[in-house]
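Structure data (PDB, C-alpha atoms) from run-v3.pdb:
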ATOM      1  CA  MET A   3       9.192 -44.262 -88.974
ATOM      2  CA  THR A   4       5.985 -42.280 -89.191
ATOM      3  CA  THR A   5       2.940 -44.498 -89.313
ATOM      4  CA  MET A   6       0.100 -43.184 -91.452
ATOM      5  CA  THR A   7      -2.441 -45.844 -90.565
ATOM      6  CA  ASP A   8      -2.549 -45.735 -86.764
ATOM      7  CA  THR A   9      -6.165 -44.734 -86.191
ATOM      8  CA  PHE A  10      -8.581 -44.693 -83.307
ATOM      9  CA  LEU A  11     -12.126 -43.419 -83.135
ATOM     10  CA  ASN A  12     -13.189 -41.755 -79.903
ATOM     11  CA  GLN A  13     -16.636 -43.177 -79.201
ATOM     12  CA  ASP A  14     -17.500 -40.184 -77.016
ATOM     13  CA  LEU A  15     -17.305 -38.115 -80.205
ATOM     14  CA  GLU A  16     -19.706 -40.354 -82.139
ATOM     15  CA  GLY A  17     -16.741 -42.016 -83.795
ATOM     16  CA  ASP A  18     -18.880 -44.906 -85.012
ATOM     17  CA  LYS A  19     -21.063 -42.456 -86.936
ATOM     18  CA  PHE A  20     -18.104 -40.534 -88.354
ATOM     19  CA  SER A  21     -15.988 -43.566 -89.282
ATOM     20  CA  ARG A  22     -17.444 -44.113 -92.767
ATOM     21  CA  PHE A  23     -17.288 -40.369 -93.415
ATOM     22  CA  LEU A  24     -13.592 -40.347 -92.511
ATOM     23  CA  GLU A  25     -12.799 -43.525 -94.403
ATOM     24  CA  ASP A  26     -14.173 -42.029 -97.617
ATOM     25  CA  GLN A  27     -11.437 -39.398 -97.749
ATOM     26  CA  PRO A  28      -9.578 -39.595-101.080
ATOM     27  CA  HIS A  29      -6.144 -39.480 -99.384
ATOM     28  CA  PRO A  30      -4.810 -41.013 -96.142
ATOM     29  CA  LEU A  31      -5.439 -38.946 -93.016
ATOM     30  CA  LEU A  32      -2.562 -38.163 -90.681
ATOM     31  CA  TYR A  33      -4.989 -36.789 -88.111
ATOM     32  CA  ALA A  34      -8.572 -35.612 -87.765
ATOM     33  CA  THR A  35      -9.953 -33.658 -84.812
ATOM     34  CA  VAL A  36     -13.098 -31.819 -83.775
ATOM     35  CA  HIS A  37     -13.093 -28.029 -84.039
ATOM     36  CA  GLY A  38     -15.774 -25.324 -83.866
ATOM     37  CA  SER A  39     -18.421 -24.965 -81.182
ATOM     38  CA  ARG A  40     -17.822 -28.474 -79.810
ATOM     39  CA  LEU A  41     -14.225 -27.533 -79.047
ATOM     40  CA  TYR A  42     -15.217 -24.076 -77.813
ATOM     41  CA  GLY A  43     -17.690 -25.471 -75.294
ATOM     42  CA  PHE A  44     -20.936 -23.987 -76.555
ATOM     43  CA  ASP A  45     -22.333 -26.543 -78.973
ATOM     44  CA  THR A  46     -25.974 -27.633 -78.920
ATOM     45  CA  PRO A  47     -27.611 -30.893 -80.077
ATOM     46  CA  GLY A  48     -28.308 -29.247 -83.436
ATOM     47  CA  SER A  49     -24.848 -27.767 -83.908
ATOM     48  CA  ASP A  50     -22.905 -28.693 -87.002
ATOM     49  CA  ARG A  51     -19.918 -30.971 -86.443
ATOM     50  CA  ASP A  52     -16.756 -29.250 -87.653
ATOM     51  CA  LEU A  53     -14.038 -31.821 -88.307
ATOM     52  CA  ARG A  54     -10.560 -30.716 -89.346
ATOM     53  CA  GLY A  55      -7.454 -32.619 -90.275
ATOM     54  CA  CYS A  56      -4.370 -33.287 -92.335
ATOM     55  CA  HIS A  57      -4.014 -35.587 -95.328
ATOM     56  CA  VAL A  58      -0.974 -36.701 -97.319
ATOM     57  CA  LEU A  59      -0.734 -36.792-101.090
ATOM     58  CA  PRO A  60       1.140 -39.598-102.877
ATOM     59  CA  THR A  61       4.856 -38.814-103.020
ATOM     60  CA  ARG A  62       4.802 -39.604-106.769
ATOM     61  CA  GLN A  63       2.213 -36.855-107.219
ATOM     62  CA  VAL A  64       4.093 -34.353-105.053
ATOM     63  CA  LEU A  65       7.304 -34.906-107.038
ATOM     64  CA  GLY A  66       5.616 -35.065-110.428
ATOM     65  CA  LEU A  67       4.012 -32.522-112.757
ATOM     66  CA  GLN A  68       0.431 -32.946-111.569
ATOM     67  CA  ASP A  69      -0.804 -30.670-108.806
ATOM     68  CA  GLY A  70      -2.592 -32.394-105.943
ATOM     69  CA  ARG A  71      -5.483 -31.067-103.889
ATOM     70  CA  GLU A  72      -4.012 -29.019-101.061
ATOM     71  CA  THR A  73      -7.417 -28.749 -99.388
ATOM     72  CA  VAL A  74     -10.259 -31.270 -99.444
ATOM     73  CA  THR A  75     -13.726 -30.325 -98.168
ATOM     74  CA  ARG A  76     -16.549 -32.818 -97.712
ATOM     75  CA  LYS A  77     -19.984 -32.340 -96.188
ATOM     76  CA  GLY A  78     -22.568 -34.755 -94.872
ATOM     77  CA  ALA A  79     -24.890 -35.340 -91.924
ATOM     78  CA  SER A  80     -24.919 -37.271 -88.658
ATOM     79  CA  SER A  81     -27.794 -37.533 -86.161
ATOM     80  CA  GLY A  82     -29.638 -34.739 -87.926
ATOM     81  CA  ALA A  83     -26.724 -32.295 -87.756
ATOM     82  CA  GLY A  84     -24.450 -31.195 -90.560
ATOM     83  CA  VAL A  85     -20.908 -32.577 -90.690
ATOM     84  CA  GLU A  86     -18.070 -30.828 -92.480
ATOM     85  CA  LEU A  87     -14.600 -32.319 -92.850
ATOM     86  CA  VAL A  88     -11.856 -30.000 -94.109
ATOM     87  CA  THR A  89      -8.324 -31.339 -94.452
ATOM     88  CA  HIS A  90      -5.125 -29.727 -95.691
ATOM     89  CA  GLU A  91      -2.164 -31.519 -97.235
ATOM     90  CA  VAL A  92       0.663 -32.014 -94.761
ATOM     91  CA  LYS A  93       3.000 -29.456 -96.348
ATOM     92  CA  LYS A  94       0.292 -26.780 -96.225
ATOM     93  CA  VAL A  95      -0.445 -27.592 -92.571
ATOM     94  CA  LEU A  96       3.198 -27.199 -91.580
ATOM     95  CA  ARG A  97       3.585 -23.970 -93.524
ATOM     96  CA  LEU A  98       0.473 -22.494 -91.890
ATOM     97  CA  LEU A  99       1.786 -23.431 -88.459
ATOM     98  CA  LEU A 100       5.003 -21.539 -89.195
ATOM     99  CA  LYS A 101       2.987 -18.499 -90.336
ATOM    100  CA  GLY A 102       1.120 -18.313 -87.033
ATOM    101  CA  ASN A 103      -2.240 -19.601 -88.247
ATOM    102  CA  GLY A 104      -4.267 -20.097 -85.063
ATOM    103  CA  ASN A 105      -6.922 -22.286 -86.676
ATOM    104  CA  VAL A 106      -4.405 -24.929 -87.727
ATOM    105  CA  LEU A 107      -2.761 -24.738 -84.288
ATOM    106  CA  GLU A 108      -6.129 -25.339 -82.596
ATOM    107  CA  GLU A 109      -6.951 -28.192 -84.952
ATOM    108  CA  ALA A 110      -3.638 -29.962 -84.413
ATOM    109  CA  LEU A 111      -3.805 -29.559 -80.618
ATOM    110  CA  SER A 112      -7.529 -30.233 -80.196
ATOM    111  CA  PRO A 113      -8.161 -32.702 -77.340
ATOM    112  CA  LEU A 114     -11.145 -34.043 -79.299
ATOM    113  CA  VAL A 115      -9.333 -36.548 -81.517
ATOM    114  CA  LEU A 116     -10.892 -38.842 -84.116
ATOM    115  CA  VAL A 117      -7.827 -39.969 -86.069
ATOM    116  CA  THR A 118      -4.250 -39.914 -84.819
ATOM    117  CA  GLY A 119      -0.903 -41.615 -85.219
ATOM    118  CA  ASP A 120       2.848 -41.189 -84.875
ATOM    119  CA  PHE A 121       2.942 -38.083 -87.068
ATOM    120  CA  HIS A 122       0.218 -36.390 -85.053
ATOM    121  CA  ALA A 123       1.899 -37.219 -81.752
ATOM    122  CA  GLU A 124       5.180 -35.712 -82.929
ATOM    123  CA  LEU A 125       3.459 -32.668 -84.394
ATOM    124  CA  ARG A 126       1.661 -31.984 -81.109
ATOM    125  CA  GLU A 127       5.003 -32.122 -79.342
ATOM    126  CA  ILE A 128       6.570 -29.631 -81.762
ATOM    127  CA  ALA A 129       3.547 -27.310 -81.970
ATOM    128  CA  GLY A 130       4.366 -25.551 -78.705
ATOM    129  CA  GLU A 131       7.466 -24.124 -80.381
ATOM    130  CA  CYS A 132       5.238 -22.637 -83.094
ATOM    131  CA  ILE A 133       3.363 -20.414 -80.634
ATOM    132  CA  THR A 134       4.508 -16.797 -80.828
ATOM    133  CA  ARG A 135       3.296 -13.306 -80.011
ATOM    134  CA  ARG A 136       1.984 -13.154 -83.587
ATOM    135  CA  HIS A 137      -0.923 -15.347 -82.556
ATOM    136  CA  ALA A 138      -2.393 -12.356 -80.729
ATOM    137  CA  GLY A 139      -3.204 -10.875 -84.129
ATOM    138  CA  HIS A 140      -5.041 -14.026 -85.145
ATOM    139  CA  TYR A 141      -7.393 -13.823 -82.168
ATOM    140  CA  MET A 142      -7.880 -10.077 -82.584
ATOM    141  CA  GLY A 143      -8.980 -10.763 -86.144
ATOM    142  CA  MET A 144     -11.408 -13.484 -85.075
ATOM    143  CA  ALA A 145     -12.987 -11.222 -82.460
ATOM    144  CA  SER A 146     -13.264  -8.326 -84.924
ATOM    145  CA  LYS A 147     -15.058 -10.591 -87.387
ATOM    146  CA  ALA A 148     -17.504 -11.748 -84.689
ATOM    147  CA  LEU A 149     -18.264  -8.139 -83.725
ATOM    148  CA  SER A 150     -18.883  -7.129 -87.338
ATOM    149  CA  VAL A 151     -21.450  -9.939 -87.640
ATOM    150  CA  LEU A 152     -23.132  -8.899 -84.390
ATOM    151  CA  LYS A 153     -23.671  -5.392 -85.775
ATOM    152  CA  LYS A 154     -25.969  -6.823 -88.466
ATOM    153  CA  PRO A 155     -29.482  -7.010 -86.948
ATOM    154  CA  ASP A 156     -30.400 -10.203 -88.799
ATOM    155  CA  LYS A 157     -27.162 -11.915 -87.662
ATOM    156  CA  ALA A 158     -27.058 -10.851 -84.009
ATOM    157  CA  ASP A 159     -27.066 -14.327 -82.503
ATOM    158  CA  VAL A 160     -25.703 -15.310 -79.093
ATOM    159  CA  LYS A 161     -23.311 -17.689 -80.873
ATOM    160  CA  HIS A 162     -21.387 -14.793 -82.424
ATOM    161  CA  ALA A 163     -21.153 -13.047 -79.052
ATOM    162  CA  LEU A 164     -19.692 -16.255 -77.616
ATOM    163  CA  HIS A 165     -17.185 -16.383 -80.464
ATOM    164  CA  LEU A 166     -16.113 -12.845 -79.582
ATOM    165  CA  TYR A 167     -15.479 -13.733 -75.945
ATOM    166  CA  ARG A 168     -13.851 -17.054 -76.809
ATOM    167  CA  ALA A 169     -11.374 -15.547 -79.268
ATOM    168  CA  LEU A 170     -10.253 -12.745 -76.970
ATOM    169  CA  LEU A 171      -9.998 -14.881 -73.841
ATOM    170  CA  THR A 172      -8.090 -17.594 -75.729
ATOM    171  CA  GLY A 173      -5.673 -14.964 -77.016
ATOM    172  CA  ILE A 174      -5.131 -13.407 -73.595
ATOM    173  CA  HIS A 175      -4.588 -16.786 -71.955
ATOM    174  CA  LEU A 176      -2.172 -17.843 -74.701
ATOM    175  CA  MET A 177      -0.109 -14.658 -74.428
ATOM    176  CA  GLU A 178       0.050 -14.864 -70.634
ATOM    177  CA  THR A 179       0.727 -18.575 -70.206
ATOM    178  CA  GLY A 180       1.842 -19.986 -73.577
ATOM    179  CA  GLU A 181      -0.937 -22.579 -73.185
ATOM    180  CA  LEU A 182      -3.700 -23.011 -75.752
ATOM    181  CA  GLU A 183      -7.162 -23.212 -74.171
ATOM    182  CA  CYS A 184     -10.143 -23.087 -76.527
ATOM    183  CA  SER A 185     -13.034 -23.891 -74.183
ATOM    184  CA  LEU A 186     -14.949 -20.763 -73.195
ATOM    185  CA  PRO A 187     -16.362 -22.334 -70.002
ATOM    186  CA  ALA A 188     -12.810 -23.209 -68.906
ATOM    187  CA  LEU A 189     -11.500 -19.773 -69.846
ATOM    188  CA  ASN A 190     -14.323 -17.985 -68.078
ATOM    189  CA  ALA A 191     -13.795 -19.993 -64.910
ATOM    190  CA  ARG A 192     -10.680 -17.842 -64.665
ATOM    191  CA  ALA A 193     -11.969 -14.584 -66.199
ATOM    192  CA  ARG A 194     -15.319 -14.664 -64.351
ATOM    193  CA  LEU A 195     -17.250 -12.551 -66.842
ATOM    194  CA  SER A 196     -20.899 -12.684 -65.813
ATOM    195  CA  HIS A 197     -22.138 -11.722 -69.268
ATOM    196  CA  ALA A 198     -20.259 -14.620 -70.871
ATOM    197  CA  ASP A 199     -21.854 -16.972 -68.345
ATOM    198  CA  ASP A 200     -25.274 -15.553 -69.215
ATOM    199  CA  LEU A 201     -24.644 -16.052 -72.933
ATOM    200  CA  LEU A 202     -23.603 -19.664 -72.344
ATOM    201  CA  ARG A 203     -26.810 -20.256 -70.391
ATOM    202  CA  ARG A 204     -28.941 -18.689 -73.124
ATOM    203  CA  ARG A 205     -27.193 -20.718 -75.798
ATOM    204  CA  ALA A 206     -28.045 -23.921 -73.919
ATOM    205  CA  VAL A 207     -31.678 -23.008 -73.175
ATOM    206  CA  GLY A 208     -32.950 -22.888 -76.723
ATOM    207  CA  PRO A 209     -33.709 -20.762 -79.792
ATOM    208  CA  GLU A 210     -36.032 -18.407 -77.925
ATOM    209  CA  GLU A 211     -33.113 -16.915 -75.970
ATOM    210  CA  ARG A 212     -30.435 -17.013 -78.654
ATOM    211  CA  GLN A 213     -31.107 -13.590 -80.148
ATOM    212  CA  VAL A 214     -28.883 -10.780 -78.873
ATOM    213  CA  LYS A 215     -31.089  -8.374 -76.938
ATOM    214  CA  GLU A 216     -31.771  -4.764 -77.845
ATOM    215  CA  GLY A 217     -28.934  -2.586 -76.580
ATOM    216  CA  GLU A 218     -26.728  -5.608 -75.912
ATOM    217  CA  VAL A 219     -24.542  -5.005 -78.952
ATOM    218  CA  GLY A 220     -23.392  -1.706 -77.446
ATOM    219  CA  PHE A 221     -22.272  -3.520 -74.308
ATOM    220  CA  LEU A 222     -20.495  -6.132 -76.410
ATOM    221  CA  GLU A 223     -18.653  -3.352 -78.254
ATOM    222  CA  GLU A 224     -17.432  -2.056 -74.888
ATOM    223  CA  GLU A 225     -16.371  -5.561 -73.889
ATOM    224  CA  PHE A 226     -14.584  -5.944 -77.205
ATOM    225  CA  ASP A 227     -12.627  -2.714 -76.666
ATOM    226  CA  ARG A 228     -11.749  -3.634 -73.084
ATOM    227  CA  LEU A 229     -10.599  -7.169 -73.861
ATOM    228  CA  MET A 230      -8.726  -6.063 -76.984
ATOM    229  CA  LEU A 231      -6.686  -3.695 -74.808
ATOM    230  CA  MET A 232      -6.001  -6.561 -72.415
ATOM    231  CA  LEU A 233      -4.901  -8.778 -75.304
ATOM    232  CA  ARG A 234      -2.587  -6.108 -76.731
ATOM    233  CA  ASP A 235      -1.072  -5.545 -73.308
ATOM    234  CA  ALA A 236      -0.659  -9.284 -72.753
ATOM    235  CA  ALA A 237       1.075  -9.604 -76.132
ATOM    236  CA  ASP A 238       3.425  -6.710 -75.312
ATOM    237  CA  ARG A 239       4.378  -8.311 -72.004
ATOM    238  CA  SER A 240       4.350 -11.922 -73.215
ATOM    239  CA  PRO A 241       7.447 -14.086 -72.782
ATOM    240  CA  LEU A 242       6.566 -15.838 -76.039
ATOM    241  CA  PRO A 243       9.044 -15.405 -78.899
ATOM    242  CA  ALA A 244       8.406 -13.120 -81.851
ATOM    243  CA  GLN A 245       9.172 -15.889 -84.348
ATOM    244  CA  PRO A 246       8.633 -19.671 -84.212
ATOM    245  CA  GLY A 247      11.590 -21.850 -83.301
ATOM    246  CA  CYS A 248      10.335 -25.039 -84.892
ATOM    247  CA  GLY A 249      11.133 -24.560 -88.580
ATOM    248  CA  ASP A 250      13.938 -27.117 -88.759
ATOM    249  CA  ARG A 251      11.958 -29.729 -86.827
ATOM    250  CA  LEU A 252       8.895 -29.289 -89.034
ATOM    251  CA  ASN A 253      11.069 -29.505 -92.139
ATOM    252  CA  ASP A 254      12.625 -32.761 -90.900
ATOM    253  CA  LEU A 255       9.179 -34.133 -90.098
ATOM    254  CA  LEU A 256       7.935 -33.394 -93.625
ATOM    255  CA  VAL A 257      11.037 -34.941 -95.206
ATOM    256  CA  ARG A 258      10.492 -38.127 -93.210
ATOM    257  CA  ILE A 259       6.840 -38.249 -94.248
ATOM    258  CA  ARG A 260       7.820 -38.044 -97.908
ATOM    259  CA  ARG A 261      10.742 -40.456 -97.540
ATOM    260  CA  ASP A 262       8.856 -43.105 -95.604
ATOM    261  CA  ASP A 263       5.661 -42.786 -97.604
ATOM    262  CA  LEU A 264       4.568 -46.190 -98.847
ATOM    263  CA  TYR A 265       1.713 -44.508-100.667
ATOM    264  CA  TRP A 266       3.694 -44.106-103.890
TER     265      TRP A 266
END

Transcribe the structure of this file into structure tokens.
Amino acid sequence: MTTMTDTFLNQDLEGDKFSRFLEDQPHPLLYATVHGSRLYGFDTPGSDRDLRGCHVLPTRQVLGLQDGRETVTRKGASSGAGVELVTHEVKKVLRLLLKGNGNVLEEALSPLVLVTGDFHAELREIAGECITRRHAGHYMGMASKALSVLKKPDKADVKHALHLYRALLTGIHLMETGELECSLPALNARARLSHADDLLRRRAVGPEERQVKEGEVGFLEEEFDRLMLMLRDAADRSPLPAQPGCGDRLNDLLVRIRRDDLYW
């Protein structure tokens, strides 16, 4: 039976400060994890805390005429930084996983866990079967978005350059190994890109070094082109399947959630 109330708060992630924020969710949480710059390895003391998760609507509401909230977004603050919690209803989460949504995959598999339970443990086990060559397109799209922001003079922040590197290196690593790694420092320990190391250093130093330098955008465009070619090649050669093989298992998991739901 899937337990919807098994919860732990990771104190290393300021769980005591987030607990009230999480408890105020209008529907039970099946899991909640940390995403964004904290997961990517380039957060700062002032960085917003991006929390993501999965909630479950009452079975009576799912089966009835009233539509429930598929996505719930709440914002607050902790230790002077903004906190945003975005959760999707369990059916939406599972559908997005089947469609190759990389954000939901990263959120479900994040090692930075605030709320977990039996459902989350089983989902993490199944999630590996959801990884396909289609995820290459997700990371190409993320990198393209980061580059488009960098081309705007008033938006050319080191953070967006780090997002560009992170997305492309995560995609390459995923296509080559089938393993999801979201931390840029960990990824670059393998890739050894000196410019990425420099950006990480500048991000940590402070605001005075966080602006992308004159002429640096041109170099980042070259890096984008080079790494995009590597990602396309890795996807072409990847042993990953073209389609996910977890549809039946995710369907069974959802049916059990609805059947065992005591939250009628």

Evaluate the PyMOL selection byres ((chain A and resi 50-60) around 9) and report residues as an NGL selection string: :A and (6 or 27-40 or 45-49 or 61-65 or 70-74 or 79-80 or 83-95 or 106 or 109-110 or 116-117 or 259-260 or 263-266)

Within 12 Å of His137 of chain A, counting all atoms listed in the file, which residues show up once you throw out same-chain ones fewer than 2 positions away? Write them as a VMD selection string, please. chain A and resid 98 to 108 132 to 135 139 to 144 169 to 170 172 to 178 180 to 182 233 to 234 236 to 237 240 242 to 246

Distance atom CA of Glu124 of chain A-atom CA of Asp250 of chain A, one decimal place?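 That distance, rounded to one decimal, is 13.6 Å.
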
Interatomic distance (Å, one decimal) between atom CA of Val219 of chain A and atom CA of Ala188 of chain A: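 Taking atom CA of Val219 of chain A as the start and atom CA of Ala188 of chain A as the end point, the length is 23.9 Å.
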
Figure out the distance between atom CA of Leu229 of chain A and atom CA of Asp156 of chain A, please, to one decimal in Å.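 Distance reported for this atom pair: 25.0 Å.
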
Any chance you could work out the residue set of the PyMOL selection byres ((chain A and resi 161) around 10) here, as a ChimeraX atom specification? /A:39,44-45,148,152,157-160,162-166,201-202,204-205,212-214

Just-selected residues, C-alpha atoms written as a compact mmCIF listing (two decimals), in the frame of the given file:
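out.txt, written as the output of this step:
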# COMPACT_ATOMS: atom_id res chain seq x y z
CA SER A 39 -18.42 -24.96 -81.18
CA PHE A 44 -20.94 -23.99 -76.56
CA ASP A 45 -22.33 -26.54 -78.97
CA ALA A 148 -17.50 -11.75 -84.69
CA LEU A 152 -23.13 -8.90 -84.39
CA LYS A 157 -27.16 -11.92 -87.66
CA ALA A 158 -27.06 -10.85 -84.01
CA ASP A 159 -27.07 -14.33 -82.50
CA VAL A 160 -25.70 -15.31 -79.09
CA HIS A 162 -21.39 -14.79 -82.42
CA ALA A 163 -21.15 -13.05 -79.05
CA LEU A 164 -19.69 -16.26 -77.62
CA HIS A 165 -17.18 -16.38 -80.46
CA LEU A 166 -16.11 -12.84 -79.58
CA LEU A 201 -24.64 -16.05 -72.93
CA LEU A 202 -23.60 -19.66 -72.34
CA ARG A 204 -28.94 -18.69 -73.12
CA ARG A 205 -27.19 -20.72 -75.80
CA ARG A 212 -30.44 -17.01 -78.65
CA GLN A 213 -31.11 -13.59 -80.15
CA VAL A 214 -28.88 -10.78 -78.87

Considering all atoms listed in the file, can you say which of A:Asp26, A:Arg97, A:Asp238, A:Leu149 comes closest to Gly220 of chain A?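 Checking each of A:Asp26, A:Arg97, A:Asp238, A:Leu149 against Gly220 of chain A, counting all atoms listed in the file, the winner is A:Leu149.
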
Taking the file as shown, what set of residues would the PyMOL selection byres ((chain A and resi 123) around 12) give back, as a VMD selection string? chain A and resid 4 to 6 8 to 9 32 to 33 110 to 113 115 117 to 122 124 to 129 255

Assuming 4 Å of padding per side, give the centre and edge lengths of the axis-aligned box around every listed atom of segment 225-244 of chain A, in Å to one decimal and as AutoDock Vina command-line options.
--center_x -3.7 --center_y -9.3 --center_z -76.9 --size_x 33.4 --size_y 21.1 --size_z 17.8
